[in-house]
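Note: the block below is run-v2.cif and it holds mmCIF, C-alpha atoms.
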```cif
data_query
loop_
_atom_site.label_atom_id
_atom_site.label_comp_id
_atom_site.auth_asym_id
_atom_site.auth_seq_id
_atom_site.Cartn_x
_atom_site.Cartn_y
_atom_site.Cartn_z
CA MET A 1454 -20.00 -44.44 -64.49
CA PHE A 1455 -19.82 -45.44 -60.83
CA ARG A 1456 -16.59 -47.01 -59.68
CA LEU A 1457 -15.86 -47.81 -56.04
CA HIS A 1458 -12.97 -45.73 -54.66
CA GLU A 1459 -9.88 -47.92 -54.40
CA ARG A 1460 -9.30 -47.08 -50.74
CA LEU A 1461 -12.86 -48.11 -49.82
CA ALA A 1462 -12.36 -51.30 -51.84
CA ALA A 1463 -9.07 -52.01 -50.03
CA GLU A 1464 -10.40 -51.44 -46.51
CA THR A 1465 -13.72 -53.29 -46.74
CA PHE A 1466 -15.51 -56.45 -47.79
CA GLU A 1467 -18.54 -56.30 -50.07
CA VAL A 1468 -21.64 -57.59 -48.29
CA ALA A 1469 -24.56 -56.70 -50.57
CA ARG A 1470 -25.80 -54.54 -53.42
CA TRP A 1471 -29.02 -52.73 -52.70
CA PRO A 1472 -31.13 -50.59 -55.05
CA LEU A 1473 -29.09 -47.46 -54.33
CA CYS A 1474 -26.03 -48.45 -52.33
CA ARG A 1475 -23.21 -50.93 -52.32
CA VAL A 1476 -22.98 -52.29 -48.78
CA LEU A 1477 -19.50 -52.83 -47.38
CA LEU A 1478 -18.16 -54.24 -44.11
CA MET A 1479 -15.27 -52.22 -42.72
CA ASN A 1480 -12.30 -54.50 -42.11
CA ASP A 1481 -12.06 -53.61 -38.43
CA ARG A 1482 -13.45 -56.09 -35.97
CA THR A 1483 -13.30 -53.55 -33.16
CA TYR A 1484 -16.77 -52.33 -34.19
CA PRO A 1485 -19.59 -53.81 -36.30
CA TRP A 1486 -19.22 -51.19 -39.02
CA LEU A 1487 -20.99 -50.94 -42.37
CA ILE A 1488 -20.32 -48.44 -45.15
CA LEU A 1489 -23.01 -47.60 -47.70
CA VAL A 1490 -21.84 -46.20 -51.01
CA PRO A 1491 -24.54 -44.81 -53.34
CA GLU A 1492 -23.74 -46.18 -56.80
CA ARG A 1493 -23.87 -42.80 -58.46
CA ALA A 1494 -20.86 -41.29 -60.18
CA GLY A 1495 -19.21 -38.08 -59.02
CA LEU A 1496 -20.92 -37.56 -55.65
CA LYS A 1497 -18.96 -36.00 -52.80
CA ASP A 1498 -21.37 -34.62 -50.20
CA LEU A 1499 -24.62 -36.09 -48.91
CA HIS A 1500 -26.52 -33.12 -50.36
CA ASP A 1501 -25.14 -33.96 -53.83
CA LEU A 1502 -27.61 -36.88 -53.92
CA ASP A 1503 -30.51 -36.30 -56.28
CA PRO A 1504 -33.75 -35.73 -54.31
CA ALA A 1505 -35.11 -38.77 -56.16
CA ASP A 1506 -32.59 -40.85 -54.17
CA HIS A 1507 -33.37 -39.34 -50.74
CA GLY A 1508 -35.99 -41.93 -49.84
CA ALA A 1509 -33.71 -44.79 -50.86
CA VAL A 1510 -30.68 -43.56 -48.95
CA MET A 1511 -32.70 -43.14 -45.75
CA ALA A 1512 -34.38 -46.52 -46.23
CA GLU A 1513 -31.03 -48.24 -46.78
CA ILE A 1514 -29.39 -46.51 -43.80
CA GLY A 1515 -32.33 -47.80 -41.77
CA ARG A 1516 -32.02 -51.29 -43.18
CA ALA A 1517 -28.32 -51.40 -42.32
CA ALA A 1518 -28.88 -49.95 -38.85
CA ARG A 1519 -31.71 -52.35 -37.99
CA ALA A 1520 -29.66 -55.35 -39.10
CA LEU A 1521 -26.75 -54.24 -36.89
CA GLN A 1522 -29.21 -53.68 -34.05
CA ARG A 1523 -30.69 -57.15 -34.33
CA LEU A 1524 -27.37 -58.93 -34.72
CA PHE A 1525 -25.18 -57.13 -32.22
CA LYS A 1526 -27.62 -55.41 -29.82
CA PRO A 1527 -25.51 -52.21 -29.60
CA ASP A 1528 -26.25 -49.28 -27.30
CA LYS A 1529 -26.27 -46.78 -30.16
CA ILE A 1530 -25.98 -46.57 -33.92
CA ASN A 1531 -23.74 -43.82 -35.33
CA VAL A 1532 -24.44 -42.60 -38.86
CA ALA A 1533 -22.05 -40.25 -40.63
CA ALA A 1534 -21.07 -38.94 -44.04
CA LEU A 1535 -17.65 -37.39 -43.46
CA GLY A 1536 -15.43 -37.92 -46.50
CA ASN A 1537 -12.47 -35.85 -45.35
CA VAL A 1538 -10.08 -38.60 -46.42
CA VAL A 1539 -11.95 -40.55 -49.12
CA VAL A 1540 -13.82 -37.99 -51.21
CA GLN A 1541 -16.35 -40.43 -52.78
CA LEU A 1542 -19.70 -40.13 -50.96
CA HIS A 1543 -20.06 -42.92 -48.43
CA VAL A 1544 -22.15 -43.27 -45.29
CA HIS A 1545 -20.81 -44.95 -42.16
CA VAL A 1546 -23.30 -46.97 -40.09
CA VAL A 1547 -21.51 -48.12 -36.93
CA ALA A 1548 -22.79 -50.18 -34.00
CA ARG A 1549 -21.52 -48.64 -30.77
CA PHE A 1550 -21.24 -50.01 -27.28
CA THR A 1551 -20.65 -48.16 -24.03
CA THR A 1552 -17.82 -50.67 -23.56
CA ASP A 1553 -16.10 -50.12 -26.91
CA PRO A 1554 -12.63 -48.52 -26.95
CA ALA A 1555 -13.75 -45.19 -28.44
CA TRP A 1556 -16.95 -44.65 -26.43
CA PRO A 1557 -18.39 -42.00 -26.17
CA ARG A 1558 -16.20 -40.45 -28.85
CA PRO A 1559 -16.68 -41.23 -32.53
CA VAL A 1560 -14.69 -44.18 -33.86
CA TRP A 1561 -12.59 -42.39 -36.47
CA GLY A 1562 -8.90 -42.04 -35.74
CA VAL A 1563 -9.12 -43.46 -32.22
CA ARG A 1564 -7.08 -46.53 -32.91
CA ALA A 1565 -5.68 -48.60 -35.75
CA PRO A 1566 -8.16 -51.00 -37.36
CA GLU A 1567 -8.00 -54.59 -36.18
CA PRO A 1568 -8.54 -56.65 -39.35
CA TYR A 1569 -10.74 -59.75 -39.34
CA ASP A 1570 -9.12 -63.10 -39.92
CA GLN A 1571 -10.48 -64.99 -42.91
CA ALA A 1572 -12.95 -67.10 -40.93
CA GLY A 1573 -14.14 -64.11 -38.92
CA ALA A 1574 -14.76 -62.02 -42.01
CA GLY A 1575 -16.63 -64.85 -43.75
CA GLU A 1576 -18.80 -65.51 -40.73
CA THR A 1577 -19.64 -61.85 -40.18
CA ILE A 1578 -20.53 -61.35 -43.84
CA ALA A 1579 -22.77 -64.43 -43.75
CA ARG A 1580 -24.51 -63.29 -40.55
CA LEU A 1581 -25.09 -59.85 -42.03
CA GLY A 1582 -26.47 -61.38 -45.22
CA ARG A 1583 -28.95 -63.43 -43.18
CA ALA A 1584 -29.93 -60.41 -41.08
CA PHE A 1585 -30.56 -58.37 -44.21
CA ALA A 1586 -32.68 -61.19 -45.66
CA GLU A 1587 -34.77 -61.49 -42.49
CA GLY A 1588 -34.85 -57.70 -42.62
CA ASP A 1589 -37.11 -54.92 -41.62
CA MET B 1100 -44.49 -33.63 -26.97
CA PHE B 1101 -41.12 -32.51 -28.35
CA ARG B 1102 -38.82 -30.72 -25.96
CA LEU B 1103 -35.25 -29.75 -26.84
CA HIS B 1104 -32.67 -31.61 -24.74
CA GLU B 1105 -31.26 -29.23 -22.12
CA ARG B 1106 -27.66 -29.89 -23.10
CA LEU B 1107 -28.38 -29.02 -26.75
CA ALA B 1108 -30.17 -25.89 -25.56
CA ALA B 1109 -27.21 -24.93 -23.37
CA GLU B 1110 -24.52 -25.45 -26.04
CA THR B 1111 -26.23 -23.79 -29.02
CA PHE B 1112 -28.14 -20.77 -30.30
CA GLU B 1113 -31.44 -21.20 -32.10
CA VAL B 1114 -31.21 -20.02 -35.71
CA ALA B 1115 -34.45 -21.16 -37.36
CA ARG B 1116 -37.42 -23.49 -37.20
CA TRP B 1117 -38.01 -25.45 -40.38
CA PRO B 1118 -40.91 -27.77 -41.20
CA LEU B 1119 -39.21 -30.76 -39.55
CA CYS B 1120 -36.16 -29.54 -37.65
CA ARG B 1121 -35.15 -26.90 -35.19
CA VAL B 1122 -31.90 -25.40 -36.53
CA LEU B 1123 -29.21 -24.61 -33.97
CA LEU B 1124 -25.78 -23.01 -34.18
CA MET B 1125 -23.19 -24.80 -32.08
CA ASN B 1126 -21.52 -22.33 -29.71
CA ASP B 1127 -18.03 -23.08 -31.00
CA ARG B 1128 -16.53 -20.59 -33.39
CA THR B 1129 -13.77 -23.00 -34.34
CA TYR B 1130 -16.08 -24.45 -37.02
CA PRO B 1131 -19.26 -23.22 -38.75
CA TRP B 1132 -21.43 -25.91 -37.17
CA LEU B 1133 -25.19 -26.40 -37.35
CA ILE B 1134 -27.28 -28.96 -35.51
CA LEU B 1135 -30.66 -30.06 -36.83
CA VAL B 1136 -33.09 -31.51 -34.32
CA PRO B 1137 -36.25 -33.11 -35.74
CA GLU B 1138 -39.13 -31.82 -33.62
CA ARG B 1139 -40.49 -35.27 -32.90
CA ALA B 1140 -40.72 -36.67 -29.40
CA GLY B 1141 -38.79 -39.73 -28.28
CA LEU B 1142 -36.41 -40.22 -31.22
CA LYS B 1143 -32.93 -41.55 -30.60
CA ASP B 1144 -31.51 -42.97 -33.82
CA LEU B 1145 -31.78 -41.63 -37.36
CA HIS B 1146 -33.71 -44.75 -38.37
CA ASP B 1147 -36.32 -43.98 -35.70
CA LEU B 1148 -37.61 -41.21 -37.99
CA ASP B 1149 -40.92 -42.05 -39.62
CA PRO B 1150 -40.47 -42.73 -43.36
CA ALA B 1151 -42.90 -39.84 -43.92
CA ASP B 1152 -40.16 -37.54 -42.54
CA HIS B 1153 -37.30 -38.97 -44.66
CA GLY B 1154 -37.71 -36.50 -47.50
CA ALA B 1155 -37.85 -33.55 -45.10
CA VAL B 1156 -34.78 -34.55 -43.11
CA MET B 1157 -32.70 -34.97 -46.27
CA ALA B 1158 -34.03 -31.70 -47.71
CA GLU B 1159 -33.23 -29.82 -44.51
CA ILE B 1160 -29.73 -31.34 -44.22
CA GLY B 1161 -29.20 -30.15 -47.80
CA ARG B 1162 -30.55 -26.70 -47.05
CA ALA B 1163 -28.23 -26.34 -44.04
CA ALA B 1164 -25.24 -27.69 -45.97
CA ARG B 1165 -25.77 -25.43 -48.97
CA ALA B 1166 -26.11 -22.36 -46.77
CA LEU B 1167 -22.82 -23.21 -45.01
CA GLN B 1168 -21.23 -23.81 -48.42
CA ARG B 1169 -22.32 -20.43 -49.76
CA LEU B 1170 -21.39 -18.48 -46.64
CA PHE B 1171 -18.11 -20.08 -45.64
CA LYS B 1172 -16.84 -21.84 -48.81
CA PRO B 1173 -15.57 -24.88 -46.88
CA ASP B 1174 -13.63 -27.76 -48.41
CA LYS B 1175 -16.09 -30.38 -47.13
CA ILE B 1176 -19.37 -30.72 -45.30
CA ASN B 1177 -19.54 -33.38 -42.57
CA VAL B 1178 -22.96 -34.78 -41.68
CA ALA B 1179 -23.44 -37.06 -38.67
CA ALA B 1180 -26.04 -38.43 -36.30
CA LEU B 1181 -24.00 -39.76 -33.37
CA GLY B 1182 -25.84 -39.21 -30.11
CA ASN B 1183 -23.45 -41.06 -27.84
CA VAL B 1184 -23.57 -38.23 -25.32
CA VAL B 1185 -26.91 -36.49 -25.95
CA VAL B 1186 -29.44 -39.21 -26.68
CA GLN B 1187 -32.07 -37.01 -28.39
CA LEU B 1188 -31.81 -37.43 -32.17
CA HIS B 1189 -29.82 -34.55 -33.69
CA VAL B 1190 -27.87 -34.22 -36.90
CA HIS B 1191 -24.57 -32.33 -37.08
CA VAL B 1192 -23.85 -30.40 -40.28
CA VAL B 1193 -20.32 -29.04 -40.02
CA ALA B 1194 -18.31 -26.95 -42.49
CA ARG B 1195 -14.76 -28.28 -42.64
CA PHE B 1196 -11.55 -26.76 -43.92
CA THR B 1197 -8.25 -28.46 -44.67
CA THR B 1198 -6.78 -25.76 -42.41
CA ASP B 1199 -9.07 -26.34 -39.40
CA PRO B 1200 -7.56 -27.75 -36.19
CA ALA B 1201 -9.20 -31.19 -36.47
CA TRP B 1202 -8.69 -31.85 -40.19
CA PRO B 1203 -8.90 -34.56 -41.52
CA ARG B 1204 -10.31 -36.07 -38.32
CA PRO B 1205 -13.90 -35.47 -37.25
CA VAL B 1206 -14.44 -32.47 -34.99
CA TRP B 1207 -15.82 -34.20 -31.91
CA GLY B 1208 -13.59 -34.31 -28.88
CA VAL B 1209 -10.57 -32.79 -30.61
CA ARG B 1210 -10.51 -29.63 -28.57
CA ALA B 1211 -12.62 -27.60 -26.19
CA PRO B 1212 -15.27 -25.42 -27.83
CA GLU B 1213 -14.35 -21.77 -28.31
CA PRO B 1214 -17.57 -19.87 -27.53
CA TYR B 1215 -18.67 -16.91 -29.65
CA ASP B 1216 -18.71 -13.46 -28.05
CA GLN B 1217 -22.11 -11.79 -28.10
CA ALA B 1218 -21.47 -9.75 -31.25
CA GLY B 1219 -19.96 -12.72 -33.06
CA ALA B 1220 -22.91 -14.96 -32.26
CA GLY B 1221 -25.43 -12.31 -33.32
CA GLU B 1222 -23.63 -11.66 -36.58
CA THR B 1223 -23.27 -15.34 -37.44
CA ILE B 1224 -26.94 -16.04 -36.70
CA ALA B 1225 -27.96 -13.07 -38.88
CA ARG B 1226 -25.74 -14.20 -41.75
CA LEU B 1227 -27.13 -17.73 -41.54
CA GLY B 1228 -30.66 -16.38 -41.50
CA ARG B 1229 -29.98 -14.41 -44.68
CA ALA B 1230 -28.29 -17.39 -46.34
CA PHE B 1231 -31.30 -19.59 -45.53
CA ALA B 1232 -33.65 -16.94 -46.94
CA GLU B 1233 -31.66 -16.61 -50.18
CA GLY B 1234 -31.52 -20.40 -50.08
CA ASP B 1235 -31.57 -23.27 -52.46
#
```
This entry written out as structure tokens:
Amino acid sequence: MFRLHERLAAETFEVARWPLCRVLLMNDRTYPWLILVPERAGLKDLHDLDPADHGAVMAEIGRAARALQRLFKPDKINVAALGNVVVQLHVHVVARFTTDPAWPRPVWGVRAPEPYDQAGAGETIARLGRAFAEGD
Amino acid sequence: MFRLHERLAAETFEVARWPLCRVLLMNDRTYPWLILVPERAGLKDLHDLDPADHGAVMAEIGRAARALQRLFKPDKINVAALGNVVVQLHVHVVARFTTDPAWPRPVWGVRAPEPYDQAGAGETIARLGRAFAEGD
């Protein structure tokens, strides 16, 4: 049975549940940063996904990326399945700006997360929900 | 028409050409590190790929990852489409070890690449070629 890793649960807000993935907002307002977690038990690497789920994972990465693009107009979208710290398969989809503090390096480990305040988190989640609904 | 970005060409060795991607070995012997470049002109982000290519890109990421797994027995495979520096769409597939110099951080920007010598590059390319042929 799928169960969200407790560290992912602690560091994110749930934004949506899509056919394959749970969609989470990273609690770091430095970057518009989504995490997609395929709701399949026991997966570690991207290539552990069943080929039957390949279309869905690519479609949902695209859906997340296009919503970030529309909402935040970033210069680049970074997509990554790393999992060196949290072993449960999860895919980062991060909106990047040439002006952000990590550019052009990847975002991981560059600086401590800057958590949203309650209003900021609620507003961002609502905006993302609307962008997903307008979608594609 | 597809043309490999000159920086990718300069920093890698070609290992194979698959139905969708050109397969490159990063010239950094610190990590077993492949780069997959879909041979489609004008792509920047992963979600720019035509849905008709989604199955192939996932299959080829898997093929690259499984070959690295068999050859090098890493602790984790990292997969990422970043493109903050080289804009042409390319997907990193990197074998990671808990003992490697960047662990658990991502590999980018941690330290200067350590180029292969000629014999080392030739041997690694040959081993990868055999692992791909045994493949899957």
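The interface of chain A with chain B at 6 Å, considering only C-alpha atoms, consists of A:His1500, A:Gly1515, A:Asn1531, A:Val1532, A:Ala1533, A:Ala1534, A:Leu1535, A:Asn1537, A:Pro1557.
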Go ahead and dump the residues you just picked, C-alpha atoms, as a PDB file, keeping the file's coordinate frame.
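Contents of the output file again-v4.pdb:
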```pdb
ATOM      1  CA  HIS A1500     -26.520 -33.120 -50.360  1.00  0.00           C
ATOM      2  CA  GLY A1515     -32.330 -47.800 -41.770  1.00  0.00           C
ATOM      3  CA  ASN A1531     -23.740 -43.820 -35.330  1.00  0.00           C
ATOM      4  CA  VAL A1532     -24.440 -42.600 -38.860  1.00  0.00           C
ATOM      5  CA  ALA A1533     -22.050 -40.250 -40.630  1.00  0.00           C
ATOM      6  CA  ALA A1534     -21.070 -38.940 -44.040  1.00  0.00           C
ATOM      7  CA  LEU A1535     -17.650 -37.390 -43.460  1.00  0.00           C
ATOM      8  CA  ASN A1537     -12.470 -35.850 -45.350  1.00  0.00           C
ATOM      9  CA  PRO A1557     -18.390 -42.000 -26.170  1.00  0.00           C
TER      10      PRO A1557
END
```
- Could you state which residues are captured by the PyMOL selection byres ((chain B and resi 1120-1127) around 8) in this file, as JSON, numbers by chain? {"B": [1110, 1111, 1112, 1113, 1114, 1115, 1116, 1117, 1118, 1119, 1128, 1129, 1130, 1131, 1132, 1133, 1134, 1135, 1136, 1137, 1138, 1156, 1159, 1212, 1213, 1214, 1215, 1220, 1224]}
- Query: Which residue gives the smallest distance to Arg1229 (chain B) among B:Arg1106, B:His1189, B:Arg1210, B:Arg1169, with all atoms listed in the file counted?
  - Reply: B:Arg1169
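Distance-wise, CA of Gln1168 (chain B) and CA of Glu1233 (chain B) end up 12.8 Å apart.
Nearest residue to Leu1496 (chain A) among A:Gly1573, A:Leu1457, A:Asp1553, A:Ala1463 is A:Leu1457, counting only C-alpha atoms.
Interatomic distance, CA of Gly1495 (chain A) to CA of Phe1231 (chain B): 25.9 Å.
The spacing separating CA of Val1185 (chain B) from CA of Leu1107 (chain B) amounts to 7.7 Å.
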My structure is short of atoms at region 1209-1220 of chain B; please model all heavy atoms there, returning them as a PDB file, in the frame of the given file.
```pdb
ATOM      1  N   VAL B1209     -11.947 -33.167 -30.270  1.00  0.00           N
ATOM      2  CA  VAL B1209     -10.570 -32.790 -30.610  1.00  0.00           C
ATOM      3  C   VAL B1209     -10.076 -31.658 -29.723  1.00  0.00           C
ATOM      4  O   VAL B1209      -8.960 -31.688 -29.239  1.00  0.00           O
ATOM      5  CB  VAL B1209     -10.447 -32.425 -32.102  1.00  0.00           C
ATOM      6  CG1 VAL B1209      -9.094 -31.781 -32.393  1.00  0.00           C
ATOM      7  CG2 VAL B1209     -10.635 -33.667 -32.960  1.00  0.00           C
ATOM      8  N   ARG B1210     -10.919 -30.668 -29.532  1.00  0.00           N
ATOM      9  CA  ARG B1210     -10.510 -29.630 -28.570  1.00  0.00           C
ATOM     10  C   ARG B1210     -11.726 -28.925 -27.996  1.00  0.00           C
ATOM     11  O   ARG B1210     -12.820 -29.010 -28.556  1.00  0.00           O
ATOM     12  CB  ARG B1210      -9.514 -28.661 -29.192  1.00  0.00           C
ATOM     13  CG  ARG B1210     -10.044 -27.853 -30.342  1.00  0.00           C
ATOM     14  CD  ARG B1210      -8.907 -26.990 -30.877  1.00  0.00           C
ATOM     15  NE  ARG B1210      -9.331 -25.673 -31.261  1.00  0.00           N
ATOM     16  CZ  ARG B1210      -8.508 -24.736 -31.711  1.00  0.00           C
ATOM     17  NH1 ARG B1210      -7.214 -24.975 -31.779  1.00  0.00           N
ATOM     18  NH2 ARG B1210      -8.959 -23.550 -32.067  1.00  0.00           N
ATOM     19  N   ALA B1211     -11.507 -28.235 -26.892  1.00  0.00           N
ATOM     20  CA  ALA B1211     -12.620 -27.600 -26.190  1.00  0.00           C
ATOM     21  C   ALA B1211     -13.266 -26.551 -27.079  1.00  0.00           C
ATOM     22  O   ALA B1211     -12.571 -25.869 -27.840  1.00  0.00           O
ATOM     23  CB  ALA B1211     -12.111 -26.964 -24.904  1.00  0.00           C
ATOM     24  N   PRO B1212     -14.592 -26.420 -27.020  1.00  0.00           N
ATOM     25  CA  PRO B1212     -15.270 -25.420 -27.830  1.00  0.00           C
ATOM     26  C   PRO B1212     -14.793 -24.012 -27.481  1.00  0.00           C
ATOM     27  O   PRO B1212     -14.464 -23.728 -26.326  1.00  0.00           O
ATOM     28  CB  PRO B1212     -16.754 -25.587 -27.489  1.00  0.00           C
ATOM     29  CG  PRO B1212     -16.837 -26.586 -26.405  1.00  0.00           C
ATOM     30  CD  PRO B1212     -15.509 -27.220 -26.214  1.00  0.00           C
ATOM     31  N   GLU B1213     -14.749 -23.166 -28.486  1.00  0.00           N
ATOM     32  CA  GLU B1213     -14.350 -21.770 -28.310  1.00  0.00           C
ATOM     33  C   GLU B1213     -15.619 -20.933 -28.487  1.00  0.00           C
ATOM     34  O   GLU B1213     -16.028 -20.679 -29.625  1.00  0.00           O
ATOM     35  CB  GLU B1213     -13.314 -21.424 -29.370  1.00  0.00           C
ATOM     36  CG  GLU B1213     -12.332 -20.358 -28.978  1.00  0.00           C
ATOM     37  CD  GLU B1213     -11.247 -20.199 -30.057  1.00  0.00           C
ATOM     38  OE1 GLU B1213     -10.640 -21.206 -30.456  1.00  0.00           O
ATOM     39  OE2 GLU B1213     -11.051 -19.052 -30.487  1.00  0.00           O
ATOM     40  N   PRO B1214     -16.264 -20.534 -27.401  1.00  0.00           N
ATOM     41  CA  PRO B1214     -17.570 -19.870 -27.530  1.00  0.00           C
ATOM     42  C   PRO B1214     -17.480 -18.556 -28.305  1.00  0.00           C
ATOM     43  O   PRO B1214     -16.446 -17.887 -28.285  1.00  0.00           O
ATOM     44  CB  PRO B1214     -17.982 -19.608 -26.078  1.00  0.00           C
ATOM     45  CG  PRO B1214     -17.128 -20.485 -25.243  1.00  0.00           C
ATOM     46  CD  PRO B1214     -15.850 -20.674 -26.002  1.00  0.00           C
ATOM     47  N   TYR B1215     -18.556 -18.213 -29.004  1.00  0.00           N
ATOM     48  CA  TYR B1215     -18.670 -16.910 -29.650  1.00  0.00           C
ATOM     49  C   TYR B1215     -18.771 -15.823 -28.578  1.00  0.00           C
ATOM     50  O   TYR B1215     -19.313 -16.063 -27.489  1.00  0.00           O
ATOM     51  CB  TYR B1215     -19.961 -16.856 -30.478  1.00  0.00           C
ATOM     52  CG  TYR B1215     -19.942 -17.674 -31.750  1.00  0.00           C
ATOM     53  CD1 TYR B1215     -20.419 -18.981 -31.763  1.00  0.00           C
ATOM     54  CD2 TYR B1215     -19.503 -17.127 -32.950  1.00  0.00           C
ATOM     55  CE1 TYR B1215     -20.431 -19.730 -32.933  1.00  0.00           C
ATOM     56  CE2 TYR B1215     -19.516 -17.868 -34.130  1.00  0.00           C
ATOM     57  CZ  TYR B1215     -19.976 -19.170 -34.117  1.00  0.00           C
ATOM     58  OH  TYR B1215     -19.992 -19.906 -35.273  1.00  0.00           O
ATOM     59  N   ASP B1216     -18.292 -14.588 -28.884  1.00  0.00           N
ATOM     60  CA  ASP B1216     -18.710 -13.460 -28.050  1.00  0.00           C
ATOM     61  C   ASP B1216     -20.087 -13.029 -28.538  1.00  0.00           C
ATOM     62  O   ASP B1216     -20.582 -13.525 -29.559  1.00  0.00           O
ATOM     63  CB  ASP B1216     -17.675 -12.334 -28.057  1.00  0.00           C
ATOM     64  CG  ASP B1216     -17.430 -11.752 -29.438  1.00  0.00           C
ATOM     65  OD1 ASP B1216     -18.319 -11.853 -30.303  1.00  0.00           O
ATOM     66  OD2 ASP B1216     -16.340 -11.217 -29.664  1.00  0.00           O
ATOM     67  N   GLN B1217     -20.712 -12.105 -27.812  1.00  0.00           N
ATOM     68  CA  GLN B1217     -22.110 -11.790 -28.100  1.00  0.00           C
ATOM     69  C   GLN B1217     -22.277 -11.232 -29.524  1.00  0.00           C
ATOM     70  O   GLN B1217     -23.171 -11.636 -30.259  1.00  0.00           O
ATOM     71  CB  GLN B1217     -22.633 -10.776 -27.070  1.00  0.00           C
ATOM     72  CG  GLN B1217     -24.146 -10.807 -26.944  1.00  0.00           C
ATOM     73  CD  GLN B1217     -24.640  -9.832 -25.884  1.00  0.00           C
ATOM     74  OE1 GLN B1217     -23.997  -9.667 -24.852  1.00  0.00           O
ATOM     75  NE2 GLN B1217     -25.774  -9.199 -26.133  1.00  0.00           N
ATOM     76  N   ALA B1218     -21.374 -10.341 -29.911  1.00  0.00           N
ATOM     77  CA  ALA B1218     -21.470  -9.750 -31.250  1.00  0.00           C
ATOM     78  C   ALA B1218     -21.247 -10.808 -32.329  1.00  0.00           C
ATOM     79  O   ALA B1218     -21.958 -10.851 -33.339  1.00  0.00           O
ATOM     80  CB  ALA B1218     -20.449  -8.617 -31.391  1.00  0.00           C
ATOM     81  N   GLY B1219     -20.278 -11.672 -32.091  1.00  0.00           N
ATOM     82  CA  GLY B1219     -19.960 -12.720 -33.060  1.00  0.00           C
ATOM     83  C   GLY B1219     -21.121 -13.682 -33.257  1.00  0.00           C
ATOM     84  O   GLY B1219     -21.440 -14.082 -34.382  1.00  0.00           O
ATOM     85  N   ALA B1220     -21.762 -14.057 -32.164  1.00  0.00           N
ATOM     86  CA  ALA B1220     -22.910 -14.960 -32.260  1.00  0.00           C
ATOM     87  C   ALA B1220     -24.044 -14.282 -33.038  1.00  0.00           C
ATOM     88  O   ALA B1220     -24.619 -14.873 -33.956  1.00  0.00           O
ATOM     89  CB  ALA B1220     -23.386 -15.359 -30.866  1.00  0.00           C
TER      90      ALA B1220
END
```
